[in-house]
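The structure file entry-v2.cif is reproduced below (mmCIF, C-alpha atoms).
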```cif
data_final
loop_
_atom_site.label_atom_id
_atom_site.label_comp_id
_atom_site.auth_asym_id
_atom_site.auth_seq_id
_atom_site.Cartn_x
_atom_site.Cartn_y
_atom_site.Cartn_z
CA MET B 1 -53.16 21.02 32.40
CA ALA B 2 -56.17 20.28 34.58
CA SER B 3 -56.54 23.92 35.59
CA ASP B 4 -57.09 24.98 31.94
CA GLU B 5 -59.61 22.24 31.15
CA VAL B 6 -62.61 23.29 29.10
CA LYS B 7 -65.94 21.51 29.19
CA VAL B 8 -69.21 22.33 27.48
CA ILE B 9 -72.45 21.02 28.93
CA GLY B 10 -75.02 20.80 26.19
CA ALA B 11 -77.11 18.81 23.77
CA TRP B 12 -76.49 18.02 20.10
CA ALA B 13 -79.79 19.45 18.88
CA SER B 14 -79.60 22.80 20.66
CA PRO B 15 -78.67 25.74 18.45
CA PHE B 16 -77.60 27.68 21.54
CA VAL B 17 -75.13 24.94 22.45
CA MET B 18 -73.65 25.13 18.94
CA ARG B 19 -72.53 28.68 19.61
CA PRO B 20 -69.78 28.03 22.18
CA ARG B 21 -68.73 24.87 20.30
CA ILE B 22 -68.20 26.81 17.07
CA ALA B 23 -66.34 29.53 18.97
CA LEU B 24 -64.03 27.00 20.63
CA ASN B 25 -63.43 25.29 17.27
CA LEU B 26 -62.54 28.63 15.67
CA LYS B 27 -59.95 29.19 18.38
CA SER B 28 -58.73 25.56 18.18
CA VAL B 29 -59.45 25.06 21.86
CA PRO B 30 -59.95 21.39 22.78
CA TYR B 31 -62.91 20.72 25.05
CA GLU B 32 -64.90 17.87 26.53
CA PHE B 33 -68.53 17.81 25.41
CA LEU B 34 -70.85 16.64 28.16
CA GLN B 35 -74.14 15.63 26.56
CA GLU B 36 -77.26 16.13 28.66
CA THR B 37 -80.04 13.58 28.40
CA PHE B 38 -83.16 15.06 26.84
CA GLY B 39 -85.78 15.66 29.54
CA ALA B 40 -83.39 15.42 32.52
CA LYS B 41 -80.86 17.81 34.02
CA SER B 42 -77.54 16.57 35.38
CA GLU B 43 -76.16 17.47 38.80
CA LEU B 44 -73.28 19.24 37.13
CA LEU B 45 -75.66 21.42 35.08
CA LEU B 46 -77.76 22.34 38.12
CA LYS B 47 -74.61 23.16 40.08
CA SER B 48 -72.99 25.14 37.25
CA ASN B 49 -76.06 27.13 36.25
CA PRO B 50 -78.21 27.30 39.37
CA VAL B 51 -79.94 30.50 38.22
CA HIS B 52 -81.36 29.30 34.89
CA LYS B 53 -80.58 25.54 34.96
CA LYS B 54 -80.09 25.70 31.19
CA ILE B 55 -77.56 24.66 28.60
CA PRO B 56 -75.07 25.62 27.28
CA VAL B 57 -72.64 26.05 30.14
CA LEU B 58 -68.94 26.42 29.48
CA ILE B 59 -66.71 25.36 32.35
CA HIS B 60 -63.20 26.77 32.17
CA ALA B 61 -60.74 25.99 34.93
CA ASP B 62 -63.72 24.89 37.03
CA LYS B 63 -65.50 28.24 36.59
CA PRO B 64 -68.90 28.18 34.85
CA VAL B 65 -69.82 30.66 32.13
CA CYS B 66 -73.49 30.84 31.08
CA GLU B 67 -75.67 32.35 28.31
CA SER B 68 -74.54 31.35 24.83
CA ASN B 69 -73.73 34.77 23.30
CA ILE B 70 -71.93 35.81 26.47
CA ILE B 71 -69.93 32.54 26.33
CA VAL B 72 -68.89 33.33 22.73
CA GLU B 73 -67.55 36.73 23.85
CA TYR B 74 -65.76 35.07 26.76
CA VAL B 75 -64.09 32.56 24.41
CA ASP B 76 -63.09 35.37 22.07
CA GLU B 77 -61.54 37.43 24.87
CA THR B 78 -59.89 34.55 26.72
CA TRP B 79 -58.28 32.98 23.65
CA SER B 80 -57.76 36.25 21.80
CA ALA B 81 -54.31 35.21 20.61
CA SER B 82 -55.56 31.91 19.15
CA GLY B 83 -57.45 33.15 16.14
CA PRO B 84 -59.01 36.19 14.48
CA SER B 85 -61.27 38.35 16.60
CA MET B 86 -64.92 37.31 16.56
CA LEU B 87 -66.16 40.83 17.09
CA PRO B 88 -65.49 43.85 14.87
CA SER B 89 -62.76 46.24 15.85
CA THR B 90 -64.77 49.43 16.41
CA PRO B 91 -67.17 50.00 19.32
CA TYR B 92 -69.91 51.03 16.86
CA ASP B 93 -69.64 47.89 14.72
CA ARG B 94 -69.57 45.78 17.90
CA ALA B 95 -72.76 47.49 19.12
CA ILE B 96 -74.40 46.68 15.76
CA ALA B 97 -73.34 43.02 15.99
CA ARG B 98 -74.73 42.78 19.54
CA PHE B 99 -77.94 44.52 18.46
CA TRP B 100 -78.61 41.98 15.71
CA ALA B 101 -77.70 39.04 17.97
CA ALA B 102 -80.25 40.31 20.51
CA TYR B 103 -82.85 40.78 17.74
CA ILE B 104 -82.29 37.21 16.54
CA ASP B 105 -82.80 35.78 20.02
CA GLU B 106 -85.69 38.01 21.10
CA LYS B 107 -87.71 38.32 17.89
CA TRP B 108 -86.48 36.17 15.01
CA PHE B 109 -86.02 32.76 16.67
CA PRO B 110 -89.30 32.88 18.63
CA SER B 111 -91.09 33.55 15.30
CA LEU B 112 -89.27 30.64 13.67
CA LYS B 113 -90.23 28.31 16.52
CA SER B 114 -93.86 29.43 16.20
CA ILE B 115 -94.01 28.15 12.63
CA LEU B 116 -93.51 24.58 13.83
CA LYS B 117 -96.08 25.05 16.58
CA ALA B 118 -98.63 27.01 14.53
CA GLU B 119 -102.09 25.56 14.29
CA GLY B 120 -104.17 26.33 11.25
CA GLU B 121 -103.38 28.15 8.03
CA GLU B 122 -104.13 31.66 9.33
CA GLU B 123 -101.71 31.43 12.25
CA LYS B 124 -99.07 29.82 10.05
CA LYS B 125 -99.36 32.58 7.45
CA ALA B 126 -99.01 35.30 10.11
CA VAL B 127 -95.93 33.74 11.67
CA LEU B 128 -94.34 33.05 8.29
CA ALA B 129 -94.79 36.72 7.40
CA GLN B 130 -93.00 37.69 10.61
CA VAL B 131 -90.04 35.45 9.85
CA GLU B 132 -89.83 36.71 6.28
CA GLU B 133 -89.86 40.29 7.52
CA GLY B 134 -87.04 39.37 9.88
CA ASN B 135 -85.10 37.69 7.09
CA ALA B 136 -85.37 40.81 4.95
CA LEU B 137 -83.94 42.87 7.83
CA LEU B 138 -81.14 40.35 8.32
CA GLU B 139 -80.37 40.30 4.58
CA LYS B 140 -79.81 44.05 4.76
CA ALA B 141 -77.87 43.71 8.01
CA PHE B 142 -75.59 41.19 6.32
CA ILE B 143 -74.86 43.57 3.45
CA ASP B 144 -74.15 46.42 5.90
CA CYS B 145 -72.03 44.41 8.32
CA SER B 146 -70.06 42.26 5.88
CA LYS B 147 -69.06 45.23 3.68
CA GLY B 148 -68.54 42.90 0.73
CA LYS B 149 -66.73 40.20 2.70
CA PRO B 150 -67.95 36.58 3.11
CA PHE B 151 -69.26 36.79 6.69
CA PHE B 152 -71.14 39.23 8.95
CA ASN B 153 -67.82 39.60 10.77
CA GLY B 154 -65.85 40.17 7.56
CA GLU B 155 -63.19 37.73 6.38
CA HIS B 156 -63.81 35.24 9.19
CA ILE B 157 -66.78 33.81 11.02
CA GLY B 158 -67.60 35.87 14.07
CA TYR B 159 -70.06 36.54 16.86
CA LEU B 160 -73.02 37.50 14.68
CA ASP B 161 -72.41 34.72 12.14
CA ILE B 162 -72.48 32.26 15.04
CA ALA B 163 -75.51 33.91 16.68
CA PHE B 164 -77.55 33.53 13.49
CA GLY B 165 -75.90 30.56 11.80
CA CYS B 166 -76.55 28.23 14.72
CA PHE B 167 -80.25 28.26 13.73
CA LEU B 168 -79.70 27.15 10.14
CA ALA B 169 -80.36 23.45 10.79
CA TRP B 170 -83.64 24.29 12.55
CA LEU B 171 -84.47 26.68 9.74
CA ARG B 172 -84.04 23.85 7.22
CA VAL B 173 -86.24 21.56 9.33
CA THR B 174 -88.92 24.26 9.45
CA GLU B 175 -88.70 24.74 5.67
CA LEU B 176 -89.13 20.99 5.14
CA ALA B 177 -92.07 20.73 7.52
CA GLY B 178 -93.85 23.72 6.04
CA GLY B 179 -92.89 23.12 2.41
CA HIS B 180 -91.82 26.75 2.23
CA LYS B 181 -88.35 28.16 1.63
CA LEU B 182 -87.35 30.85 4.11
CA ILE B 183 -83.80 31.64 3.02
CA ASP B 184 -83.25 31.26 -0.71
CA GLU B 185 -81.43 32.71 -3.70
CA VAL B 186 -84.42 34.84 -4.72
CA LYS B 187 -85.67 36.36 -1.46
CA THR B 188 -82.40 36.53 0.45
CA PRO B 189 -79.55 36.04 -2.04
CA SER B 190 -76.74 37.24 0.23
CA LEU B 191 -77.93 35.21 3.20
CA SER B 192 -78.38 32.16 1.00
CA LYS B 193 -74.72 32.24 -0.07
CA TRP B 194 -73.58 33.09 3.46
CA ALA B 195 -75.53 30.14 4.88
CA GLU B 196 -73.74 27.71 2.58
CA ARG B 197 -70.33 29.15 3.45
CA PHE B 198 -71.15 29.04 7.15
CA CYS B 199 -72.43 25.46 7.16
CA ASN B 200 -69.41 24.21 5.20
CA ASP B 201 -66.85 25.85 7.44
CA PRO B 202 -64.66 23.27 9.23
CA ALA B 203 -65.41 24.89 12.59
CA VAL B 204 -69.16 24.50 12.01
CA LYS B 205 -69.59 21.22 10.10
CA PRO B 206 -68.77 18.85 12.98
CA VAL B 207 -71.36 20.42 15.28
CA MET B 208 -74.19 21.22 12.84
CA PRO B 209 -76.77 18.41 12.97
CA GLU B 210 -77.95 16.78 9.74
CA THR B 211 -81.33 18.18 8.68
CA ALA B 212 -82.92 14.69 8.47
CA THR B 213 -81.72 13.70 11.95
CA LEU B 214 -82.96 16.97 13.41
CA ALA B 215 -86.31 16.63 11.62
CA GLU B 216 -86.82 13.23 13.29
CA PHE B 217 -85.97 14.73 16.65
CA ALA B 218 -88.33 17.67 16.02
CA LYS B 219 -91.20 15.27 15.31
CA LYS B 220 -90.58 13.61 18.66
CA ILE B 221 -90.44 16.75 20.74
CA PHE B 222 -93.31 18.57 19.08
CA ALA B 223 -95.28 15.34 19.33
CA LYS B 224 -97.64 16.06 16.49
CA PRO B 225 -97.29 15.38 12.80
CA PRO B 226 -96.27 18.33 10.62
CA ALA B 227 -99.24 19.99 8.86
CA MET S 1 -63.85 66.72 15.86
CA VAL S 2 -66.24 67.53 18.69
CA ASP S 3 -68.43 64.58 19.60
CA GLU S 4 -72.13 65.10 19.08
CA VAL S 5 -74.10 62.90 21.45
CA ILE S 6 -77.90 62.85 21.43
CA LEU S 7 -80.08 60.66 23.60
CA LEU S 8 -83.70 60.02 22.67
CA GLY S 9 -85.58 59.01 25.81
CA TYR S 10 -88.83 59.00 27.72
CA TRP S 11 -88.53 60.34 31.25
CA PRO S 12 -90.02 57.42 33.28
CA SER S 13 -88.21 54.73 31.29
CA THR S 14 -85.98 52.44 33.36
CA PHE S 15 -83.96 51.72 30.24
CA GLY S 16 -83.28 55.33 29.27
CA VAL S 17 -82.04 55.93 32.81
CA ARG S 18 -79.25 53.37 32.28
CA THR S 19 -77.81 55.23 29.30
CA ARG S 20 -78.07 58.60 31.06
CA ILE S 21 -76.19 57.28 34.08
CA ALA S 22 -73.45 55.81 31.87
CA LEU S 23 -73.01 59.13 30.04
CA GLU S 24 -72.96 61.06 33.31
CA GLU S 25 -70.43 58.64 34.86
CA LYS S 26 -68.14 59.31 31.92
CA ASP S 27 -68.87 63.04 32.09
CA ILE S 28 -69.99 63.10 28.45
CA LYS S 29 -72.00 66.13 27.36
CA PHE S 30 -75.18 65.07 25.61
CA ASP S 31 -78.34 66.55 24.20
CA TYR S 32 -81.34 64.80 25.80
CA ARG S 33 -84.49 64.84 23.67
CA GLU S 34 -87.73 63.80 25.31
CA GLN S 35 -89.87 61.59 23.08
CA ASP S 36 -93.63 61.23 22.91
CA LEU S 37 -94.11 57.48 22.69
CA PHE S 38 -97.74 57.91 21.65
CA ASN S 39 -96.75 60.08 18.72
CA LYS S 40 -93.30 58.86 17.71
CA SER S 41 -91.00 61.40 16.07
CA SER S 42 -89.58 60.85 12.60
CA LEU S 43 -86.10 60.96 14.18
CA LEU S 44 -86.93 58.07 16.51
CA LEU S 45 -88.45 56.02 13.68
CA GLU S 46 -85.46 56.75 11.46
CA MET S 47 -82.89 55.93 14.14
CA ASN S 48 -84.57 52.77 15.46
CA PRO S 49 -86.61 51.44 12.54
CA VAL S 50 -86.46 47.83 13.81
CA HIS S 51 -87.95 48.31 17.29
CA LYS S 52 -89.13 51.95 17.23
CA LYS S 53 -88.22 52.17 20.93
CA ILE S 54 -86.26 54.39 23.24
CA PRO S 55 -83.59 54.88 24.37
CA VAL S 56 -81.63 55.62 21.21
CA LEU S 57 -78.12 56.96 21.53
CA ILE S 58 -77.00 58.91 18.48
CA HIS S 59 -73.25 59.45 18.37
CA ASN S 60 -72.02 61.66 15.53
CA GLY S 61 -75.16 60.81 13.58
CA LYS S 62 -74.94 57.03 14.09
CA PRO S 63 -77.60 55.31 16.20
CA VAL S 64 -76.95 52.70 18.88
CA CYS S 65 -80.02 50.91 20.25
CA GLU S 66 -80.77 48.73 23.30
CA SER S 67 -79.81 50.20 26.67
CA LEU S 68 -77.22 47.67 27.88
CA ILE S 69 -75.60 47.62 24.44
CA GLN S 70 -75.44 51.42 24.76
CA VAL S 71 -73.80 51.20 28.20
CA GLU S 72 -71.15 48.86 26.80
CA TYR S 73 -70.70 51.11 23.76
CA ILE S 74 -70.20 54.14 26.01
CA ASP S 75 -67.65 52.21 28.08
CA GLU S 76 -65.70 51.13 24.97
CA THR S 77 -65.87 54.52 23.24
CA TRP S 78 -64.75 56.55 26.25
CA PRO S 79 -62.49 54.07 28.04
CA GLY S 80 -60.19 56.55 29.73
CA LYS S 81 -62.62 57.55 32.40
CA ILE S 82 -64.25 55.32 35.05
CA PRO S 83 -64.55 51.78 33.59
CA LEU S 84 -68.10 50.44 33.77
CA LEU S 85 -67.20 46.85 32.89
CA PRO S 86 -64.31 44.80 34.33
CA SER S 87 -61.35 44.09 32.05
CA ASP S 88 -60.99 40.45 33.14
CA PRO S 89 -62.98 38.23 30.69
CA TYR S 90 -64.54 36.11 33.43
CA GLN S 91 -65.63 39.13 35.49
CA ARG S 92 -66.99 40.80 32.34
CA ASP S 93 -68.97 37.68 31.56
CA GLN S 94 -70.40 37.63 35.06
CA ALA S 95 -71.45 41.29 34.77
CA LYS S 96 -73.16 40.66 31.43
CA PHE S 97 -74.87 37.56 32.80
CA TRP S 98 -76.42 39.62 35.59
CA GLY S 99 -77.34 42.44 33.22
CA ASP S 100 -79.15 39.89 31.07
CA PHE S 101 -80.86 38.40 34.16
CA ILE S 102 -82.03 41.85 35.23
CA ASP S 103 -83.53 42.39 31.77
CA LYS S 104 -85.37 39.08 32.17
CA MET S 105 -87.20 40.61 35.16
CA VAL S 106 -89.25 42.78 32.79
CA PRO S 107 -92.02 40.29 31.86
CA GLY S 108 -92.81 39.68 35.55
CA LEU S 109 -92.94 43.44 36.16
CA VAL S 110 -95.19 43.95 33.15
CA ARG S 111 -97.62 41.41 34.59
CA LEU S 112 -97.40 42.99 38.04
CA MET S 113 -98.10 46.52 36.80
CA TRP S 114 -100.23 46.04 33.72
CA GLY S 115 -101.58 42.53 34.02
CA ALA S 116 -105.12 41.51 34.83
CA LYS S 117 -105.95 41.92 38.54
CA GLY S 118 -105.80 38.74 40.54
CA GLU S 119 -103.89 35.71 39.27
CA GLU S 120 -101.83 37.43 36.58
CA GLN S 121 -100.75 40.27 38.83
CA GLU S 122 -99.94 37.91 41.69
CA ALA S 123 -97.87 35.72 39.36
CA GLY S 124 -95.95 38.78 38.17
CA LYS S 125 -95.33 39.92 41.73
CA LYS S 126 -94.12 36.46 42.80
CA GLU S 127 -91.76 36.26 39.82
CA PHE S 128 -90.37 39.75 40.47
CA ILE S 129 -89.73 39.07 44.17
CA GLU S 130 -88.06 35.72 43.44
CA MET S 131 -85.80 37.26 40.84
CA LEU S 132 -84.97 40.26 42.99
CA LYS S 133 -83.99 37.89 45.83
CA THR S 134 -81.67 36.06 43.43
CA VAL S 135 -80.11 39.39 42.48
CA GLU S 136 -79.87 40.31 46.17
CA SER S 137 -77.89 37.16 46.97
CA GLU S 138 -75.54 37.98 44.12
CA LEU S 139 -75.02 41.44 45.68
CA GLY S 140 -74.42 39.92 49.11
CA ASP S 141 -72.67 42.34 51.43
CA LYS S 142 -70.80 44.18 48.70
CA THR S 143 -71.22 47.94 48.23
CA TYR S 144 -71.88 47.49 44.55
CA PHE S 145 -72.33 44.40 42.37
CA GLY S 146 -68.74 44.67 41.13
CA GLY S 147 -67.37 45.16 44.65
CA GLU S 148 -66.09 48.63 45.46
CA ALA S 149 -66.61 50.02 41.97
CA PHE S 150 -70.00 51.16 40.64
CA GLY S 151 -70.61 49.68 37.22
CA TYR S 152 -72.63 47.86 34.60
CA VAL S 153 -74.79 45.67 36.84
CA ASP S 154 -75.60 48.54 39.21
CA ILE S 155 -76.56 50.63 36.18
CA ALA S 156 -78.72 47.79 34.81
CA LEU S 157 -80.74 47.53 38.04
CA ILE S 158 -80.89 51.05 39.51
CA GLY S 159 -83.28 52.29 36.81
CA TYR S 160 -86.03 50.15 38.36
CA TYR S 161 -85.63 51.94 41.70
CA CYS S 162 -87.73 54.93 40.62
CA TRP S 163 -90.54 52.43 39.97
CA PHE S 164 -90.29 50.65 43.34
CA ASP S 165 -92.95 52.85 44.95
CA ALA S 166 -95.30 52.07 42.05
CA PHE S 167 -94.56 48.31 42.28
CA GLU S 168 -95.25 48.37 46.03
CA LYS S 169 -98.44 50.39 45.68
CA TYR S 170 -99.95 48.33 42.87
CA GLY S 171 -98.59 45.02 44.12
CA ASN S 172 -99.41 45.73 47.74
CA PHE S 173 -96.10 44.61 49.24
CA SER S 174 -92.90 46.04 50.66
CA ILE S 175 -89.69 45.60 48.68
CA GLU S 176 -87.62 46.52 51.74
CA ALA S 177 -89.23 43.71 53.73
CA GLU S 178 -88.40 41.22 50.96
CA CYS S 179 -84.98 42.55 49.91
CA PRO S 180 -83.46 44.92 52.48
CA LYS S 181 -79.96 44.73 50.98
CA ILE S 182 -81.29 45.89 47.62
CA ILE S 183 -82.86 48.97 49.24
CA ALA S 184 -79.63 49.74 51.09
CA TRP S 185 -77.68 49.34 47.85
CA ALA S 186 -80.13 51.59 45.96
CA LYS S 187 -79.77 54.33 48.58
CA SER S 188 -75.96 54.17 48.17
CA CYS S 189 -76.33 54.47 44.41
CA MET S 190 -78.63 57.48 44.79
CA LYS S 191 -75.77 59.33 46.50
CA ARG S 192 -73.83 59.26 43.22
CA ASP S 193 -74.32 62.38 41.10
CA SER S 194 -74.81 60.39 37.92
CA VAL S 195 -77.69 58.44 39.47
CA ALA S 196 -79.34 61.35 41.31
CA LYS S 197 -79.31 63.40 38.09
CA SER S 198 -80.69 60.61 35.94
CA LEU S 199 -83.46 59.01 37.97
CA PRO S 200 -86.87 60.64 37.76
CA ASP S 201 -88.78 61.35 40.95
CA SER S 202 -90.57 58.21 42.26
CA GLU S 203 -93.68 60.14 43.17
CA LYS S 204 -94.05 61.53 39.68
CA VAL S 205 -93.61 58.03 38.22
CA THR S 206 -96.28 56.59 40.53
CA GLU S 207 -98.66 59.45 39.67
CA LEU S 208 -98.24 58.68 35.98
CA VAL S 209 -99.41 55.08 36.29
CA PRO S 210 -103.20 55.57 35.92
CA GLU S 211 -102.60 57.65 32.80
CA LEU S 212 -100.27 55.01 31.37
CA LYS S 213 -102.75 52.25 32.18
CA LYS S 214 -105.31 54.08 30.14
CA LYS S 215 -103.00 54.51 27.20
CA TRP S 216 -101.33 51.12 27.14
CA LEU S 217 -102.31 47.58 27.87
CA CYS S 218 -98.73 46.67 28.60
CA LEU S 219 -95.43 48.47 29.06
CA LYS S 220 -93.66 46.79 26.15
CA SER S 221 -92.52 50.07 24.60
CA LEU S 222 -90.71 51.07 27.78
#
```
Represent the supplied structure as structure tokens.
Amino acid sequence: MASDEVKVIGAWASPFVMRPRIALNLKSVPYEFLQETFGAKSELLLKSNPVHKKIPVLIHADKPVCESNIIVEYVDETWSASGPSMLPSTPYDRAIARFWAAYIDEKWFPSLKSILKAEGEEEKKAVLAQVEEGNALLEKAFIDCSKGKPFFNGEHIGYLDIAFGCFLAWLRVTELAGGHKLIDEVKTPSLSKWAERFCNDPAVKPVMPETATLAEFAKKIFAKPPA
Amino acid sequence: MVDEVILLGYWPSTFGVRTRIALEEKDIKFDYREQDLFNKSSLLLEMNPVHKKIPVLIHNGKPVCESLIQVEYIDETWPGKIPLLPSDPYQRDQAKFWGDFIDKMVPGLVRLMWGAKGEEQEAGKKEFIEMLKTVESELGDKTYFGGEAFGYVDIALIGYYCWFDAFEKYGNFSIEAECPKIIAWAKSCMKRDSVAKSLPDSEKVTELVPELKKKWLCLKSL
């Protein structure tokens, strides 16, 4: 039915774009993926997200929904009958999931990005330390939130798994470039196992870029050879 | 079991104001504890070890951090009373989008108030005015952002109102001249008990600025 059509405007390499795609896959909602050209913004994107002019944008029944974590909640609420809930059942646990998603976007990911851009050993060391501190916090958060289950959200992948897991490909690229493991069995054992489960999930696999492909792309956009 | 609700705040904080308004709207009794941000209490550090910031809402001993997350938490925990967020998923998404946009106004405001005089301050002012105009066109001619009902987006923005005099003084401009609908909207909000009770006096906020400038290089902790 045309009125229920779902489209996602995005780009294959963007971790933020992965979020709504995973959410839609989890709810078995078919959608059309409209790939933006790197370096240019389509008319549809500018019209659908005039405020930020950024991807991802979800268009449902011709109405645009913006901001990746907000889109995930929208998908969860709109197709609530189509799959397990992506957010925990209690207001407190939901507040915790939202807190960590905000932390990941505001603190953790900017630190991760800085590793690839860091110039010189001193700067690199400082940024690496920040990311490792963040990983330690997230390792503990995983233990607290999962309560012994496989995902942050419990039995099934949810909002916080998606908010964090979408960065795993970029994390692997960063590890390769820096020659330094960030999530591993020694430092972050729970996250290490969770990462494997997440990446192998059928809702995630089709949209998670291959590390090698992403590494090539990273070289292009950062336009300087890795240290 | 009687609910124990504690709010750790700092009186001029635009973020703490949001949580206070939400609690007042729902008529929830709470124990407000003023924090000294230059000498953080062990309770604050224990309840928000990640960011060490206010506001922190402590409900029956469990902390909830980040003001808009707190507003949503309050709405979900005490749903019976006035809803702060719409129930329709699309409308909810729109409200959260604007709440997020309003939060993104902070860096511009930090540059306007605490940035180096000249270029940095001017850039901050320009960014703030542009963003406020965007918010104003979203408001349009409605009474509140959600239409007739006061809610989440109004709560997200109104906290800045007690700082408007300070922005105008230090930025040397008139917000009313740039965004008259926002000023009209703010005055409507101020007629609500929850808002009048929760917003600190603008004059006191403006008087505090020189002292804050001395103590901080930027307002990140607020």
Original post:
Selected by the PyMOL selection byres ((chain S) within 6 of (chain B)) in the shown coordinates: which residues, as a ChimeraX atom specification?
Top reply: /S:73,76,89
Original post:
Could you pull the residues within 8 Å of segment 182-190 of chain B, counting only C-alpha atoms, minus those fewer than 5 positions along the same chain, as an NGL selection string?
Top reply: :B and (131-132 or 135-136 or 139 or 142-143 or 171 or 175)
Original post:
Taking only C-alpha atoms into account, which of B:Leu34, B:Leu160, B:Met86, B:Val29 comes nearest Ala11 of chain B?
Top reply: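 Ranked by minimum distance to Ala11 of chain B, first place goes to B:Leu34.
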Subject >> Reference answer for the PyMOL selection byres ((chain S and resi 129) around 12), as number ranges by chain >> reply: S: 105-106, 108-109, 112, 122-128, 130-136, 164, 167-168, 171, 173-180, 182
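Here the PyMOL selection byres ((chain B and resi 177) around 9) matches the residues Leu116, Arg172, Val173, Thr174, Glu175, Leu176, Gly178, Gly179, His180, Ala215, Pro226 and Ala227 of chain B.
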Original post:
What is the atom CA of Gly16 of chain S-atom CA of Phe152 of chain B distance in Å, reported with one decimal?
Top reply: 28.6 Å
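Across the structure, atom CA of Val5 of chain S and atom CA of Lys96 of chain S are spaced 24.4 Å apart.
You will find atom CA of Ile59 of chain B at 16.3 Å from atom CA of Ser28 of chain B.
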